[in-house]
Each structure stands twice: as C-alpha cells, then as structure tokens.
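Colleague: Sharing a structure with you now.
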Amino acid sequence: MRVGLFLAVLALCAGCISERMGYAALDVEPPRPGATYHDAVTTLGNPMTVHDLPDGSTEAVWVGTATCGGAFEISFWGVRLLRLGNTETVTQGRRLVFDAAGRLTASWPVGEGDPPWGVVPFGR
C-alpha cells in the first residue's frame, strides 16, 4: 500500500514542460532583404538590442527561448528541495542589419541550445 501511495504522489508531482518566449515563440519567416526596420518590428516584435554601427547602419537582435521536456520536483512550503528532470532549453534569435536608409541588408540566425539534465537541489 505504501508503494502504491508513493507512486501516486510521484505521478502527481511529475509533469511535462513546454514553454516558448520571445523570438522563439514566433514561427514566422524573417523579413526579406529590402524590408524596412518598421516591417521587421511589425513581424518580429520589439528587438532585444539595437546598435548603431560606425558606417551609419543599424544592427537589431531578436532573442527568445524554447524549453521542452519533463521534470519532477519535491518542495516544502514553496522551497525547492530536489528537482529531477530532462529538459532542453534552446536559445534562438535573429540578427538583422539595416543600412543608413533603413532597408534590410543582412540577416542570420544566432543562438544555440544547452540541454541541462540531472539532480538540481535548491536551484534551477
């Protein structure tokens, strides 16, 4: 009986994780060459960073994360005591460069994933 109760509690605490935030939440094509900065913001939302380059062009970077997997957590009164899981978090982004006239001249993806796994006590 104790084993059955333990397995039932374990099943209630385990769960799937699927979360997308920022650029990773968008499943849209990046703007085509010649598009304006305004077109890019309309399509992708506000960028994380915008830098003016020495030649008068502008570089804008959009970044987001996508997490999926499963995890089991033991906590007591909101304090995490133990976390077991296998989740994968991937950072995705897009870097766009606009010329001095505000037209898109270059676009490439940025980011990489780092899948954490294991026993993580008292932390994330």
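Ordering of the structure tokens sets the chain letters (A, B, ...), residue numbers begin anew at 1 in every chain, and ligands are numbered from 1 in the order given.
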Hey, what's within 9 Å of stretch 42-53 of chain A if we count only C-alpha atoms and toss same-chain stuff fewer than 5 positions away? As a list in words, please?

Modeller: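 The filter keeps Gly22, Tyr23, Leu26, Val28, Glu29, Pro30, Pro31, Tyr37, Thr58, Glu59, Ala60, Val61, Trp62 and Val63 of chain A.
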
Colleague: Mind pulling up the distance from atom CA of A:Arg94 to atom CA of A:Trp108?

Modeller: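 According to the coordinates, atom CA of A:Trp108 and atom CA of A:Arg94 are separated by 5.8 Å.
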
Colleague: Could you find all residues in stretch 19-69 of chain A that DSSP calls strand (DSSP E) from the backbone, and write them as number ranges by chain?

Modeller: A: 19-22, 49-52, 58-69

Colleague: Deliver the residues from the most recent selection as a file, using N, CA, C and O atoms, as a CSV table (one decimal), in the first residue's frame.

Modeller:
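Heads up, here's the output in selection_38.csv:
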```csv
chain,number,residue,atom,x,y,z
A,19,GLU,N,7.5,25.5,-23.1
A,19,GLU,CA,7.4,26.9,-22.9
A,19,GLU,C,8.2,27.6,-24.0
A,19,GLU,O,9.3,27.2,-24.3
A,20,ARG,N,7.6,28.6,-24.6
A,20,ARG,CA,8.3,29.4,-25.7
A,20,ARG,C,8.2,30.9,-25.3
A,20,ARG,O,7.1,31.3,-25.1
A,21,MET,N,9.3,31.6,-25.4
A,21,MET,CA,9.2,33.1,-25.1
A,21,MET,C,10.1,33.8,-26.0
A,21,MET,O,11.1,33.3,-26.5
A,22,GLY,N,9.7,35.0,-26.3
A,22,GLY,CA,10.4,35.9,-27.2
A,22,GLY,C,10.4,35.5,-28.6
A,22,GLY,O,9.4,35.0,-29.1
A,49,THR,N,18.0,44.2,-28.5
A,49,THR,CA,19.0,45.2,-28.6
A,49,THR,C,19.0,45.8,-29.9
A,49,THR,O,18.7,45.2,-31.0
A,50,VAL,N,19.4,47.1,-30.0
A,50,VAL,CA,19.6,47.9,-31.2
A,50,VAL,C,20.9,48.7,-31.1
A,50,VAL,O,21.1,49.3,-30.1
A,51,HIS,N,21.8,48.5,-32.1
A,51,HIS,CA,23.1,49.2,-32.0
A,51,HIS,C,23.3,50.0,-33.3
A,51,HIS,O,23.0,49.5,-34.4
A,52,ASP,N,23.8,51.2,-33.2
A,52,ASP,CA,24.2,52.0,-34.4
A,52,ASP,C,25.6,51.6,-34.7
A,52,ASP,O,26.5,51.6,-33.9
A,58,THR,N,22.4,50.1,-38.9
A,58,THR,CA,21.8,49.7,-37.6
A,58,THR,C,21.7,48.2,-37.5
A,58,THR,O,21.3,47.6,-38.5
A,59,GLU,N,22.1,47.7,-36.4
A,59,GLU,CA,22.0,46.2,-36.1
A,59,GLU,C,21.0,46.0,-35.0
A,59,GLU,O,21.0,46.7,-34.0
A,60,ALA,N,20.0,45.1,-35.3
A,60,ALA,CA,19.0,44.8,-34.3
A,60,ALA,C,19.0,43.3,-34.1
A,60,ALA,O,19.2,42.5,-35.0
A,61,VAL,N,18.8,42.9,-32.8
A,61,VAL,CA,18.9,41.5,-32.4
A,61,VAL,C,17.6,41.1,-31.7
A,61,VAL,O,17.2,41.7,-30.7
A,62,TRP,N,16.9,40.0,-32.2
A,62,TRP,CA,15.8,39.4,-31.5
A,62,TRP,C,16.2,38.1,-30.9
A,62,TRP,O,16.8,37.3,-31.6
A,63,VAL,N,15.9,37.9,-29.6
A,63,VAL,CA,16.3,36.6,-28.9
A,63,VAL,C,15.1,36.0,-28.2
A,63,VAL,O,14.2,36.8,-27.7
A,64,GLY,N,15.0,34.7,-28.1
A,64,GLY,CA,13.9,34.1,-27.4
A,64,GLY,C,14.4,32.7,-26.9
A,64,GLY,O,15.5,32.2,-27.3
A,65,THR,N,13.6,32.0,-26.1
A,65,THR,CA,14.0,30.7,-25.7
A,65,THR,C,12.8,29.7,-25.9
A,65,THR,O,11.7,30.1,-25.8
A,66,ALA,N,13.1,28.4,-26.1
A,66,ALA,CA,12.2,27.4,-26.2
A,66,ALA,C,12.6,26.3,-25.3
A,66,ALA,O,13.7,25.8,-25.4
A,67,THR,N,11.7,25.8,-24.3
A,67,THR,CA,12.1,24.8,-23.4
A,67,THR,C,11.0,23.7,-23.5
A,67,THR,O,9.8,23.9,-23.6
A,68,CYS,N,11.5,22.4,-23.6
A,68,CYS,CA,10.6,21.3,-23.6
A,68,CYS,C,11.3,20.1,-22.8
A,68,CYS,O,12.5,20.1,-22.7
A,69,GLY,N,10.5,19.2,-22.3
A,69,GLY,CA,11.0,18.1,-21.6
A,69,GLY,C,10.1,17.7,-20.4
A,69,GLY,O,8.9,18.1,-20.4
```

Colleague: Could you please determine the separation between atom CA of A:Phe72 and atom CA of A:Leu84 in Å, to one decimal place?

Modeller: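 Going from atom CA of A:Phe72 over to atom CA of A:Leu84 covers 5.1 Å.
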
Colleague: Which polymer residues have any atom within 9 Å of an atom of stretch 100-106 of chain A, counting only C-alpha atoms, with same-chain residues fewer than 3 positions away left out, as a VMD selection string?

Modeller: chain A and resid 31 to 38 40 55 to 58 95 to 97
